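> Just so it is clear, I am handing over work.txt, which has compact mmCIF, C-alpha atoms and all ligand atoms.
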# COMPACT_ATOMS: atom_id res chain seq x y z
CA MET H 1 -47.41 77.24 -14.22
CA THR H 2 -47.21 80.88 -15.15
CA GLY H 3 -45.10 83.27 -13.13
CA SER H 4 -47.87 85.86 -12.85
CA TYR H 5 -50.17 83.58 -10.88
CA THR H 6 -50.94 84.84 -7.39
CA VAL H 7 -52.98 83.27 -4.64
CA PRO H 8 -56.17 85.29 -4.05
CA GLU H 9 -56.42 87.11 -0.73
CA LEU H 10 -58.68 85.68 1.94
CA SER H 11 -60.96 87.69 4.23
CA PRO H 12 -60.80 87.18 8.05
CA ASP H 13 -64.12 85.28 7.93
CA GLU H 14 -62.79 83.03 5.18
CA LEU H 15 -59.51 82.44 7.01
CA THR H 16 -61.37 81.47 10.17
CA LEU H 17 -63.52 78.90 8.39
CA ILE H 18 -60.57 77.56 6.39
CA ARG H 19 -58.52 77.09 9.58
CA ILE H 20 -61.36 75.16 11.18
CA ALA H 21 -61.79 72.98 8.07
CA THR H 22 -58.04 72.33 7.99
CA GLY H 23 -58.03 71.44 11.69
CA ILE H 24 -60.86 68.99 11.13
CA MET H 25 -59.01 67.30 8.28
CA GLN H 26 -55.93 66.94 10.52
CA LEU H 27 -58.06 65.62 13.36
CA ALA H 28 -59.61 63.06 11.01
CA GLU H 29 -56.10 61.91 10.04
CA LYS H 30 -55.27 61.42 13.73
CA VAL H 31 -58.35 59.39 14.53
CA GLN H 32 -58.02 57.06 11.56
CA GLY H 33 -58.33 53.41 12.35
CA GLY H 34 -60.71 54.18 15.20
CA LYS H 35 -58.04 55.56 17.57
CA PRO H 36 -59.56 58.25 19.82
CA ALA H 37 -58.32 61.81 19.28
CA LYS H 38 -55.56 62.75 21.70
CA LEU H 39 -55.20 66.23 23.08
CA PRO H 40 -54.00 68.75 22.13
CA TYR H 41 -56.28 69.38 19.18
CA PRO H 42 -54.53 70.33 15.90
CA ALA H 43 -53.26 73.92 15.97
CA PRO H 44 -55.47 75.20 13.09
CA LEU H 45 -58.55 73.93 14.94
CA GLN H 46 -57.55 75.68 18.20
CA LEU H 47 -56.75 78.88 16.34
CA GLY H 48 -59.92 78.70 14.23
CA PHE H 49 -61.94 78.18 17.40
CA SER H 50 -60.53 81.26 19.13
CA GLN H 51 -60.94 83.41 15.99
CA LEU H 52 -64.53 82.27 15.57
CA SER H 53 -65.25 83.05 19.25
CA LYS H 54 -63.89 86.59 18.77
CA LEU H 55 -65.91 87.14 15.58
CA CYS H 56 -69.06 85.91 17.35
CA LEU H 57 -68.47 88.29 20.26
CA LEU H 58 -67.98 91.22 17.87
CA LYS H 59 -71.19 90.36 16.04
CA GLY H 60 -73.15 89.63 19.21
CA ALA H 61 -73.86 86.09 18.00
CA ALA H 62 -73.95 82.87 20.02
CA ARG H 63 -70.47 81.32 20.12
CA PRO H 64 -69.05 77.83 20.61
CA LYS H 65 -67.91 77.36 24.23
CA SER H 66 -65.10 74.91 23.57
CA VAL H 67 -63.47 72.94 20.77
CA PRO H 68 -65.80 69.93 21.39
CA ASP H 69 -68.72 72.36 21.23
CA LEU H 70 -67.34 73.70 17.93
CA LEU H 71 -67.14 70.11 16.64
CA SER H 72 -70.84 69.63 17.32
CA TRP H 73 -71.53 72.89 15.42
CA CYS H 74 -69.58 71.38 12.56
CA GLN H 75 -71.91 68.36 12.57
CA GLN H 76 -75.21 70.02 13.22
CA SER H 77 -75.19 73.56 12.04
CA PRO H 78 -75.25 74.32 8.29
CA LEU H 79 -72.46 76.69 7.22
CA LYS H 80 -74.92 79.22 5.89
CA ASP H 81 -76.20 79.72 9.47
CA TRP H 82 -72.72 80.45 10.89
CA PRO H 83 -72.12 84.11 11.81
CA LEU H 84 -69.64 84.52 8.94
CA GLU H 85 -70.08 86.68 5.87
CA LEU H 86 -69.37 84.40 2.93
CA PRO H 87 -72.28 84.86 0.48
CA GLU H 88 -70.12 84.14 -2.57
CA TYR H 89 -69.63 80.51 -1.47
CA ASN H 90 -73.34 79.87 -2.03
CA PHE H 91 -73.48 77.22 0.72
CA SER H 92 -76.60 75.08 0.48
CA SER H 93 -78.77 74.34 3.49
CA ASP H 94 -77.24 70.88 4.03
CA ASP H 95 -73.58 71.95 3.75
CA THR H 96 -71.88 71.16 7.06
CA LEU H 97 -68.21 70.49 7.86
CA LEU H 98 -68.78 67.05 9.40
CA ASP H 99 -71.18 64.28 8.46
CA ASP H 100 -71.38 62.16 11.58
CA GLN H 101 -67.61 61.92 12.42
CA ILE H 102 -66.36 62.20 8.83
CA PRO H 103 -65.26 65.47 7.15
CA THR H 104 -67.58 66.43 4.28
CA GLN H 105 -66.48 67.27 0.73
CA VAL H 106 -67.09 70.95 1.46
CA CYS H 107 -64.77 70.66 4.47
CA SER H 108 -62.00 69.18 2.36
CA ASN H 109 -62.60 71.79 -0.38
CA LEU H 110 -62.11 74.54 2.21
CA ALA H 111 -59.04 72.86 3.70
CA GLU H 112 -57.50 72.72 0.22
CA LEU H 113 -57.62 76.52 0.16
CA ALA H 114 -55.24 76.51 3.14
CA GLY H 115 -52.84 74.37 1.15
CA SER H 116 -52.31 77.19 -1.31
CA ASN H 117 -51.48 79.62 1.50
CA SER H 118 -49.21 77.56 3.68
CA GLN H 119 -47.62 74.18 4.05
CA VAL H 120 -50.23 73.22 6.58
CA LEU H 121 -51.35 70.12 4.73
CA ALA H 122 -47.91 69.05 3.55
CA GLU H 123 -47.50 66.42 6.25
CA LEU H 124 -50.64 64.55 5.33
CA THR H 125 -50.08 60.92 4.53
CA GLN H 126 -51.34 60.92 0.99
CA LYS H 127 -48.95 63.61 -0.18
CA ARG H 128 -45.97 61.77 1.26
CA ILE H 129 -46.97 58.41 -0.25
CA ILE H 130 -47.82 59.75 -3.69
CA TYR H 131 -44.66 61.81 -3.68
CA SER H 132 -42.56 58.71 -3.02
CA VAL H 133 -44.31 56.90 -5.91
CA PHE H 134 -43.52 59.92 -8.04
CA GLU H 135 -39.84 59.96 -7.01
CA ILE H 136 -39.31 56.22 -7.43
CA SER H 137 -40.95 56.21 -10.88
CA GLN H 138 -39.09 59.33 -11.96
CA GLN H 139 -35.70 57.93 -10.90
CA ALA H 140 -36.47 54.79 -12.93
CA ASN H 141 -37.66 57.00 -15.81
CA ALA H 142 -40.92 55.06 -15.73
CA PRO H 143 -43.90 57.44 -16.13
CA ASP H 144 -46.15 54.44 -16.85
CA ALA H 145 -45.33 52.92 -13.44
CA TYR H 146 -46.62 56.11 -11.82
CA VAL H 147 -49.82 56.01 -13.88
CA GLU H 148 -50.44 52.33 -13.17
CA PHE H 149 -49.85 52.70 -9.42
CA ARG H 150 -52.36 55.50 -9.30
CA ARG H 151 -54.84 53.62 -11.45
CA PHE H 152 -54.56 50.59 -9.12
CA ILE H 153 -55.39 52.52 -5.95
CA ILE H 154 -58.30 54.36 -7.60
CA THR H 155 -59.83 51.10 -8.80
CA HIS H 156 -59.01 49.24 -5.55
CA PRO H 157 -60.15 51.32 -2.57
CA VAL H 158 -60.62 47.93 -0.90
CA ALA H 159 -58.17 45.08 -1.47
CA THR H 160 -57.73 41.63 0.05
CA GLU H 161 -54.35 40.30 1.10
CA SER H 162 -54.31 38.20 -2.07
CA ASP H 163 -55.10 41.24 -4.31
CA LEU H 164 -52.13 43.03 -2.76
CA VAL H 165 -49.79 40.05 -3.06
CA LYS H 166 -50.66 39.74 -6.77
CA ARG H 167 -50.06 43.45 -7.27
CA ARG H 168 -46.72 43.33 -5.42
CA LEU H 169 -45.50 40.55 -7.70
CA ASN H 170 -46.14 42.71 -10.76
CA LEU H 171 -44.62 45.90 -9.41
CA ASN H 172 -41.87 47.42 -11.47
CA PRO H 173 -39.76 49.13 -10.16
CA GLU H 174 -39.82 46.88 -7.10
CA ALA H 175 -39.19 49.84 -4.80
CA LEU H 176 -42.89 50.69 -5.24
CA THR H 177 -43.66 47.86 -2.78
CA LYS H 178 -43.13 50.18 0.19
CA PRO H 179 -45.60 52.91 -0.88
CA LEU H 180 -48.10 50.18 -1.85
CA GLU H 181 -47.89 48.72 1.67
CA GLU H 182 -48.12 52.17 3.22
CA ALA H 183 -51.19 53.08 1.16
CA TYR H 184 -53.44 50.52 2.87
CA GLU H 185 -54.48 49.77 6.43
CA PRO H 186 -56.58 46.90 7.82
CA ALA H 187 -60.30 47.48 7.29
CA PRO H 188 -61.86 48.50 10.63
CA ASP H 189 -64.13 46.10 12.54
CA SER H 190 -66.64 48.94 12.85
CA CYS H 191 -67.54 48.46 9.15
CA LEU H 192 -68.31 44.73 9.51
CA VAL H 193 -71.80 43.41 8.89
CA GLY H 194 -71.70 40.05 10.63
CA ASP H 195 -68.50 38.45 9.35
CA CYS H 196 -68.41 40.37 6.06
CA TYR H 197 -67.36 43.71 4.68
CA GLN H 198 -69.76 45.33 2.23
CA CYS H 199 -68.45 47.36 -0.71
CA CYS H 200 -70.07 50.29 -2.47
CA PRO H 201 -72.10 49.21 -5.53
CA ASN H 202 -70.88 52.35 -7.38
CA CYS H 203 -67.17 52.61 -6.67
CA GLY H 204 -66.12 49.53 -4.69
CA ASN H 205 -65.16 51.48 -1.55
CA LEU H 206 -65.93 50.11 1.92
CA LEU H 207 -69.38 51.03 3.20
CA ARG H 208 -69.67 52.26 6.77
CA HIS H 209 -72.60 52.57 9.14
CA HIS H 210 -74.33 55.93 9.35
CA ILE H 211 -76.75 56.75 12.15
CA LYS H 212 -79.44 58.12 9.82
CA LYS H 213 -78.65 56.94 6.31
CA GLY H 214 -77.93 53.22 6.76
CA ARG H 215 -74.78 52.30 4.82
CA VAL H 216 -72.75 55.09 3.23
CA CYS H 217 -69.70 55.51 1.01
CA ASP H 218 -67.26 58.37 1.63
CA MET H 219 -65.94 58.32 -1.98
CA CYS H 220 -69.13 58.70 -3.98
CA ASP H 221 -72.43 59.90 -2.52
CA TYR H 222 -73.89 56.40 -2.17
CA ALA H 223 -76.30 55.80 0.72
CA GLY H 224 -78.54 52.73 0.98
CA ASP H 225 -78.47 49.10 2.09
CA GLY H 226 -75.47 48.16 -0.08
CA ALA H 227 -77.17 44.90 -1.02
CA THR H 228 -75.86 44.82 -4.60
CA GLY H 229 -72.20 45.57 -3.78
CA ARG H 230 -69.32 43.10 -3.34
CA ARG H 231 -69.18 41.27 0.01
CA ILE H 232 -65.86 40.08 1.37
CA HIS H 233 -65.46 37.70 4.31
CA LYS H 234 -63.16 39.05 7.00
CA GLN H 235 -61.06 35.84 6.80
CA GLU H 236 -59.76 37.09 3.44
CA GLU H 237 -57.81 39.78 5.33
CA VAL H 238 -59.35 42.96 4.05
CA TYR H 239 -57.42 46.21 3.58
CA TRP H 240 -58.73 49.71 3.02
CA LEU H 241 -57.00 52.59 1.26
CA LYS H 242 -56.00 55.24 3.82
CA GLN H 243 -58.42 58.11 4.21
CA GLY H 244 -56.20 60.82 2.69
CA LEU H 245 -55.62 58.69 -0.41
CA ARG H 246 -59.31 57.92 -0.73
CA ARG H 247 -60.16 61.58 -0.53
CA TYR H 248 -57.40 63.22 -2.53
CA ILE H 249 -56.44 60.54 -5.05
CA ALA H 250 -59.15 57.89 -5.41
CA THR H 251 -62.25 60.10 -5.21
CA PRO H 252 -61.08 62.65 -7.82
CA GLY H 253 -59.64 59.72 -9.77
CA ILE H 254 -63.07 58.22 -10.48
CA PRO H 255 -64.19 60.98 -12.91
CA GLU H 256 -60.66 61.11 -14.37
CA LEU H 257 -60.74 57.40 -15.29
CA ARG H 258 -64.34 57.68 -16.48
CA LEU H 259 -63.40 60.51 -18.84
CA GLU H 260 -60.35 58.58 -20.07
CA LYS H 261 -62.67 55.66 -20.95
CA ARG H 262 -65.26 57.84 -22.69
CA LEU H 263 -62.54 59.50 -24.78
CA GLN H 264 -60.95 56.17 -25.70
CA GLU H 265 -64.34 54.83 -26.80
CA LEU H 266 -64.69 57.64 -29.35
CA GLY H 267 -62.11 55.95 -31.56
CA GLY H 268 -61.08 58.11 -34.52
CA ASN H 269 -57.36 57.62 -33.77
CA LEU H 270 -57.53 59.95 -30.80
CA GLU H 271 -54.47 59.58 -28.55
CA VAL H 272 -55.45 59.68 -24.85
CA LYS H 273 -52.87 59.91 -22.09
CA LEU H 274 -53.55 60.05 -18.34
CA TRP H 275 -51.40 62.22 -16.02
CA PRO H 276 -48.80 63.01 -18.70
CA GLU H 277 -45.18 63.45 -17.63
CA PHE H 278 -45.78 62.59 -14.00
CA ASP H 279 -49.07 64.36 -13.53
CA ARG H 280 -48.45 67.77 -15.04
CA TYR H 281 -52.21 67.75 -15.62
CA ASP H 282 -54.94 65.07 -15.76
CA LEU H 283 -55.36 64.10 -19.41
CA ARG H 284 -53.70 65.00 -22.69
CA ILE H 285 -55.43 64.15 -25.92
CA VAL H 286 -53.88 64.45 -29.36
CA PHE H 287 -56.01 64.56 -32.52
CA PRO H 288 -54.93 62.91 -35.79
CA ASP H 289 -53.97 66.39 -37.12
CA GLY H 290 -51.50 66.78 -34.24
CA GLU H 291 -53.52 69.30 -32.20
CA ALA H 292 -53.26 68.63 -28.44
CA TRP H 293 -55.75 69.50 -25.69
CA ALA H 294 -54.96 69.54 -21.97
CA ILE H 295 -57.71 68.56 -19.56
CA ASP H 296 -57.99 68.97 -15.80
CA VAL H 297 -60.97 67.17 -14.27
CA LYS H 298 -62.27 68.95 -11.19
CA ASP H 299 -64.98 67.61 -8.95
CA TRP H 300 -65.37 69.95 -6.03
CA LYS H 301 -68.74 70.36 -4.43
CA ASN H 302 -68.16 74.08 -4.02
CA SER H 303 -67.16 75.69 -7.32
CA PHE H 304 -66.39 79.07 -5.76
CA ALA H 305 -63.82 77.51 -3.41
CA LEU H 306 -62.44 75.62 -6.42
CA ALA H 307 -62.14 78.82 -8.43
CA LYS H 308 -60.14 80.44 -5.63
CA LYS H 309 -57.75 77.50 -5.44
CA VAL H 310 -57.35 76.56 -9.09
CA GLU H 311 -54.09 77.27 -10.88
CA PRO H 312 -53.54 77.67 -14.62
CA ILE H 313 -53.09 74.37 -16.45
CA PRO H 314 -49.30 73.92 -16.95
CA SER H 315 -48.20 74.67 -20.50
CA ASP H 316 -45.94 71.62 -20.66
CA PRO H 317 -46.44 69.04 -22.23
CA PRO H 318 -47.68 71.60 -24.78
CA TRP H 319 -51.26 72.04 -25.93
CA GLU H 320 -53.33 74.20 -28.26
CA ARG H 321 -56.43 74.26 -26.02
CA ALA H 322 -57.02 73.56 -22.32
CA TYR H 323 -60.17 72.74 -20.38
CA PHE H 324 -61.28 72.48 -16.77
CA VAL H 325 -63.90 69.74 -16.91
CA PHE H 326 -66.67 69.13 -14.35
CA PRO H 327 -68.69 65.89 -14.02
CA ASP H 328 -72.19 66.12 -15.50
CA GLU H 329 -73.79 65.51 -12.06
CA ARG H 330 -72.66 69.02 -11.05
CA ARG H 331 -75.14 70.51 -13.56
CA LYS H 332 -77.79 69.91 -10.90
CA GLN H 333 -76.18 72.65 -8.78
CA SER H 334 -77.43 75.95 -10.11
CA TYR H 335 -74.74 78.54 -10.95
CA TYR H 336 -71.99 75.90 -10.62
CA LEU H 337 -70.34 76.77 -13.93
CA ASN H 338 -71.14 80.49 -13.77
CA ALA H 339 -69.77 80.83 -10.23
CA PHE H 340 -66.57 79.14 -11.37
CA ARG H 341 -66.26 81.22 -14.54
CA GLU H 342 -66.73 84.50 -12.69
CA ALA H 343 -64.33 83.73 -9.86
CA ALA H 344 -61.67 81.96 -11.94
CA GLU H 345 -61.44 84.61 -14.63
CA ARG H 346 -57.69 84.96 -14.05
CA VAL H 347 -57.01 81.39 -15.25
CA LEU H 348 -59.63 81.28 -18.02
CA LYS H 349 -57.59 82.95 -20.69
CA ASN H 350 -54.93 81.85 -23.11
CA LYS H 351 -57.27 79.38 -24.83
CA THR H 352 -58.45 77.86 -21.55
CA ASP H 353 -62.14 77.26 -20.86
CA ALA H 354 -64.37 75.42 -18.34
CA LEU H 355 -67.22 73.06 -19.22
CA PHE H 356 -69.13 69.92 -18.26
CA GLU H 357 -67.92 66.45 -19.24
CA SER H 358 -70.55 65.74 -21.94
CA ASP H 359 -69.93 69.13 -23.55
CA LEU H 360 -66.25 68.28 -23.82
CA ILE H 361 -67.09 64.91 -25.40
CA ASP H 362 -69.30 66.73 -27.95
CA LYS H 363 -66.46 69.11 -28.81
CA VAL H 364 -64.02 66.24 -29.29
CA LYS H 365 -66.53 64.33 -31.46
CA LYS H 366 -67.08 67.38 -33.61
CA LYS H 367 -63.39 67.88 -34.20
CA LEU H 368 -62.89 64.17 -34.92
CA GLY H 369 -65.90 64.14 -37.22
CA VAL H 370 -67.36 61.02 -35.53
ZN ZN Y 1 -68.98 54.64 -3.54
Could you express the structure from this file as structure tokens?


Amino acid sequence: MTGSYTVPELSPDELTLIRIATGIMQLAEKVQGGKPAKLPYPAPLQLGFSQLSKLCLLKGAARPKSVPDLLSWCQQSPLKDWPLELPEYNFSSDDTLLDDQIPTQVCSNLAELAGSNSQVLAELTQKRIIYSVFEISQQANAPDAYVEFRRFIITHPVATESDLVKRRLNLNPEALTKPLEEAYEPAPDSCLVGDCYQCCPNCGNLLRHHIKKGRVCDMCDYAGDGATGRRIHKQEEVYWLKQGLRRYIATPGIPELRLEKRLQELGGNLEVKLWPEFDRYDLRIVFPDGEAWAIDVKDWKNSFALAKKVEPIPSDPPWERAYFVFPDERRKQSYYLNAFREAAERVLKNKTDALFESDLIDKVKKKLGV
């Protein structure tokens, strides 16, 4: 990371919304496994609530009466209707902070902005678990162990007792057993359909009931009847990756692994390495002529929030070119790339650019001559 990088300043309206989003993420951590939320509410949510009330009073707008009232706003009222001035975020008419009881992608994008301003998210489970995997692998000088652990949880958002036993037997260093056990929790009964759990046909994650949409996946945007996905009988003892790991590791991991596969399939003696040197960035590719490119895959729903949070791609391990890469599905959102380019100008220099996945593949093909 370069020394000149500074975190962009946030306006009072932005700070208010970011505090609320952060509070919701913390609340969601607390209620995991179906345990009801205990009072007091997380501090950022309380603070966000009182700041929002004050802003509403100043603007003469209707205000939430209590934190539970604010939580129903978060479910029902689109962010673009909130009395906050945030035109640059380009919220769409269905962007809310909560979908049913679950924080939306936009909510987690906003909460990530808090992470760059304070240590507010540092206690979250996923950071602690991934950090211990990092430490154990680093002490054993085993960068591949780190990569394989991460690859396993991305490809196994749901695992049976026997999947986990098999994995434990192959773990090296053995000390990774503890973070593996900590990464999963028993799948909740609330997701059962009869005696079976249903998995997402796209990504293998557990499907849950949704009042309006039927069966939904919180890792990809799947909604439907889930008929074509894997079904696992509850007798097999089913485990589910913890929410923070699903959201911060497994969900972004899907496009990372997909890009790794697409690059490997190009052939042409291209060297492809995931999370080089303990995750300095997402992918490093080296061409037969020795030129290296660094790639960071970013899949945020809101590209303006992403641009505010993003940091320059670390210069080590070294590279000649660097790219922020967005999944092709994001092309459907108008201005996605332009909004990012305009707001992330400070990091798009020194041979760094931003583009969609297929455009990167085309560039690589051209250079390889395949
Ligand atoms: Zn899915």

> If the limit is 9 Å from any atom of ligand ZN 1 (chain Y), counting all atoms listed in the file, which residues qualify? Return them as number ranges by chain.

H: 199-207, 216-223, 251

> Tell me which protein, DNA and RNA residues are within 9 Å of Glu342 (chain H), counting all atoms listed in the file, leaving out same-chain ones fewer than 3 positions away, and put them as JSON, numbers by chain.

{"H": [304, 307, 337, 338, 339, 345]}

> For Val286 (chain H), which of H:Leu368, H:Val238, H:Ala28, H:Ile254 is the closest residue, counting all atoms listed in the file?

H:Leu368

> Closest to Leu176 (chain H) among H:Tyr146, H:Tyr281, H:Phe49, H:Tyr41, using only C-alpha atoms?

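Comparing H:Tyr146, H:Tyr281, H:Phe49, H:Tyr41 against Leu176 (chain H), the winner is H:Tyr146.
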
> Using only C-alpha atoms, find the one residue out of H:Thr155, H:Ile24, H:Tyr89, H:Thr160 that sits nearest to Gln101 (chain H).

H:Ile24

> Between CA of Gln46 (chain H) and CA of Gly244 (chain H), what is the distance, to one decimal in Å?

21.5 Å

> Calculate how many Å separate CA of Ser190 (chain H) from CA of Arg246 (chain H), rounding to one decimal.

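Those two atoms sit 17.9 Å apart.
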
> When you count all atoms listed in the file, which of these residues is closest to His209 (chain H): H:Glu236, H:Asp189, H:Glu277, H:Glu14?

H:Asp189

> From the options H:Ala114, H:Leu79, H:Ile154, H:Leu180, which residue's atoms come nearest to Lys308 (chain H), counting all atoms listed in the file?

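Nearest to Lys308 (chain H): H:Ala114.
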
> By how many Å are CA of Tyr323 (chain H) and CA of Leu360 (chain H) apart?

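Going from CA of Tyr323 (chain H) over to CA of Leu360 (chain H) covers 8.3 Å.
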
> Around region 135-148 of chain H, fit a box with edges along x, y and z, padding it by 3 Å on each side, then list its centre and edge lengths in Å to one decimal as lines of an AutoDock Vina configuration file.


center_x = -43.1
center_y = 56.1
center_z = -11.9
size_x = 20.7
size_y = 13.6
size_z = 15.8

> Using all atoms listed in the file, pick whichever of H:Arg208, H:Leu192, H:Leu86, H:Leu57 has the shortest atom-to-atom distance to Leu15 (chain H).

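Ranked by minimum distance to Leu15 (chain H), first place goes to H:Leu86.
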
> Might you pull out every residue within 9 Å of Leu97 (chain H), with only C-alpha atoms counted and same-chain residues fewer than 3 positions away left off, and present them as a PyMOL selection string?

chain H and resi 20-21+24+71+73-79+102-108

> Could you write out the selected residues, including C-alpha atoms, as a PDB file, in the frame of the given file?


ATOM      1  CA  ILE H  20     -61.360  75.160  11.180  1.00  0.00           C
ATOM      2  CA  ALA H  21     -61.790  72.980   8.070  1.00  0.00           C
ATOM      3  CA  ILE H  24     -60.860  68.990  11.130  1.00  0.00           C
ATOM      4  CA  LEU H  71     -67.140  70.110  16.640  1.00  0.00           C
ATOM      5  CA  TRP H  73     -71.530  72.890  15.420  1.00  0.00           C
ATOM      6  CA  CYS H  74     -69.580  71.380  12.560  1.00  0.00           C
ATOM      7  CA  GLN H  75     -71.910  68.360  12.570  1.00  0.00           C
ATOM      8  CA  GLN H  76     -75.210  70.020  13.220  1.00  0.00           C
ATOM      9  CA  SER H  77     -75.190  73.560  12.040  1.00  0.00           C
ATOM     10  CA  PRO H  78     -75.250  74.320   8.290  1.00  0.00           C
ATOM     11  CA  LEU H  79     -72.460  76.690   7.220  1.00  0.00           C
ATOM     12  CA  ILE H 102     -66.360  62.200   8.830  1.00  0.00           C
ATOM     13  CA  PRO H 103     -65.260  65.470   7.150  1.00  0.00           C
ATOM     14  CA  THR H 104     -67.580  66.430   4.280  1.00  0.00           C
ATOM     15  CA  GLN H 105     -66.480  67.270   0.730  1.00  0.00           C
ATOM     16  CA  VAL H 106     -67.090  70.950   1.460  1.00  0.00           C
ATOM     17  CA  CYS H 107     -64.770  70.660   4.470  1.00  0.00           C
ATOM     18  CA  SER H 108     -62.000  69.180   2.360  1.00  0.00           C
TER      19      SER H 108
END

> I'd like the contact shell of Trp275 (chain H) - 9 Å cut-off, only C-alpha atoms, skipping same-chain residues fewer than 5 positions apart - returned as a list of chain:residue names.

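Near Trp275 (chain H), the qualifying residues are H:Pro143, H:Tyr146, H:Val147, H:Arg280, H:Tyr281, H:Asp282, H:Leu283, H:Arg284.
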
> Within 10 Å of Lys234 (chain H), counting all atoms listed in the file, which residues qualify if same-chain residues fewer than 5 places away don't, as a list of chain:residue names?

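Here the qualifying residues turn out to be H:Thr160, H:Ala187, H:Asp189, H:Leu192, H:Val193, H:Gly194, H:Asp195, H:Cys196, H:Tyr197, H:Tyr239.
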
> So which residues touch Gln264 (chain H) within 12 Å, counting all atoms listed in the file, skipping near sequence neighbours fewer than 6 positions away, as a list in words?

Leu257, Arg258, Leu270, Glu271, Val272, Lys273, Leu274, Leu283, Arg284, Ile285, Val286, Phe287, Ile361, Val364 and Lys365 of chain H
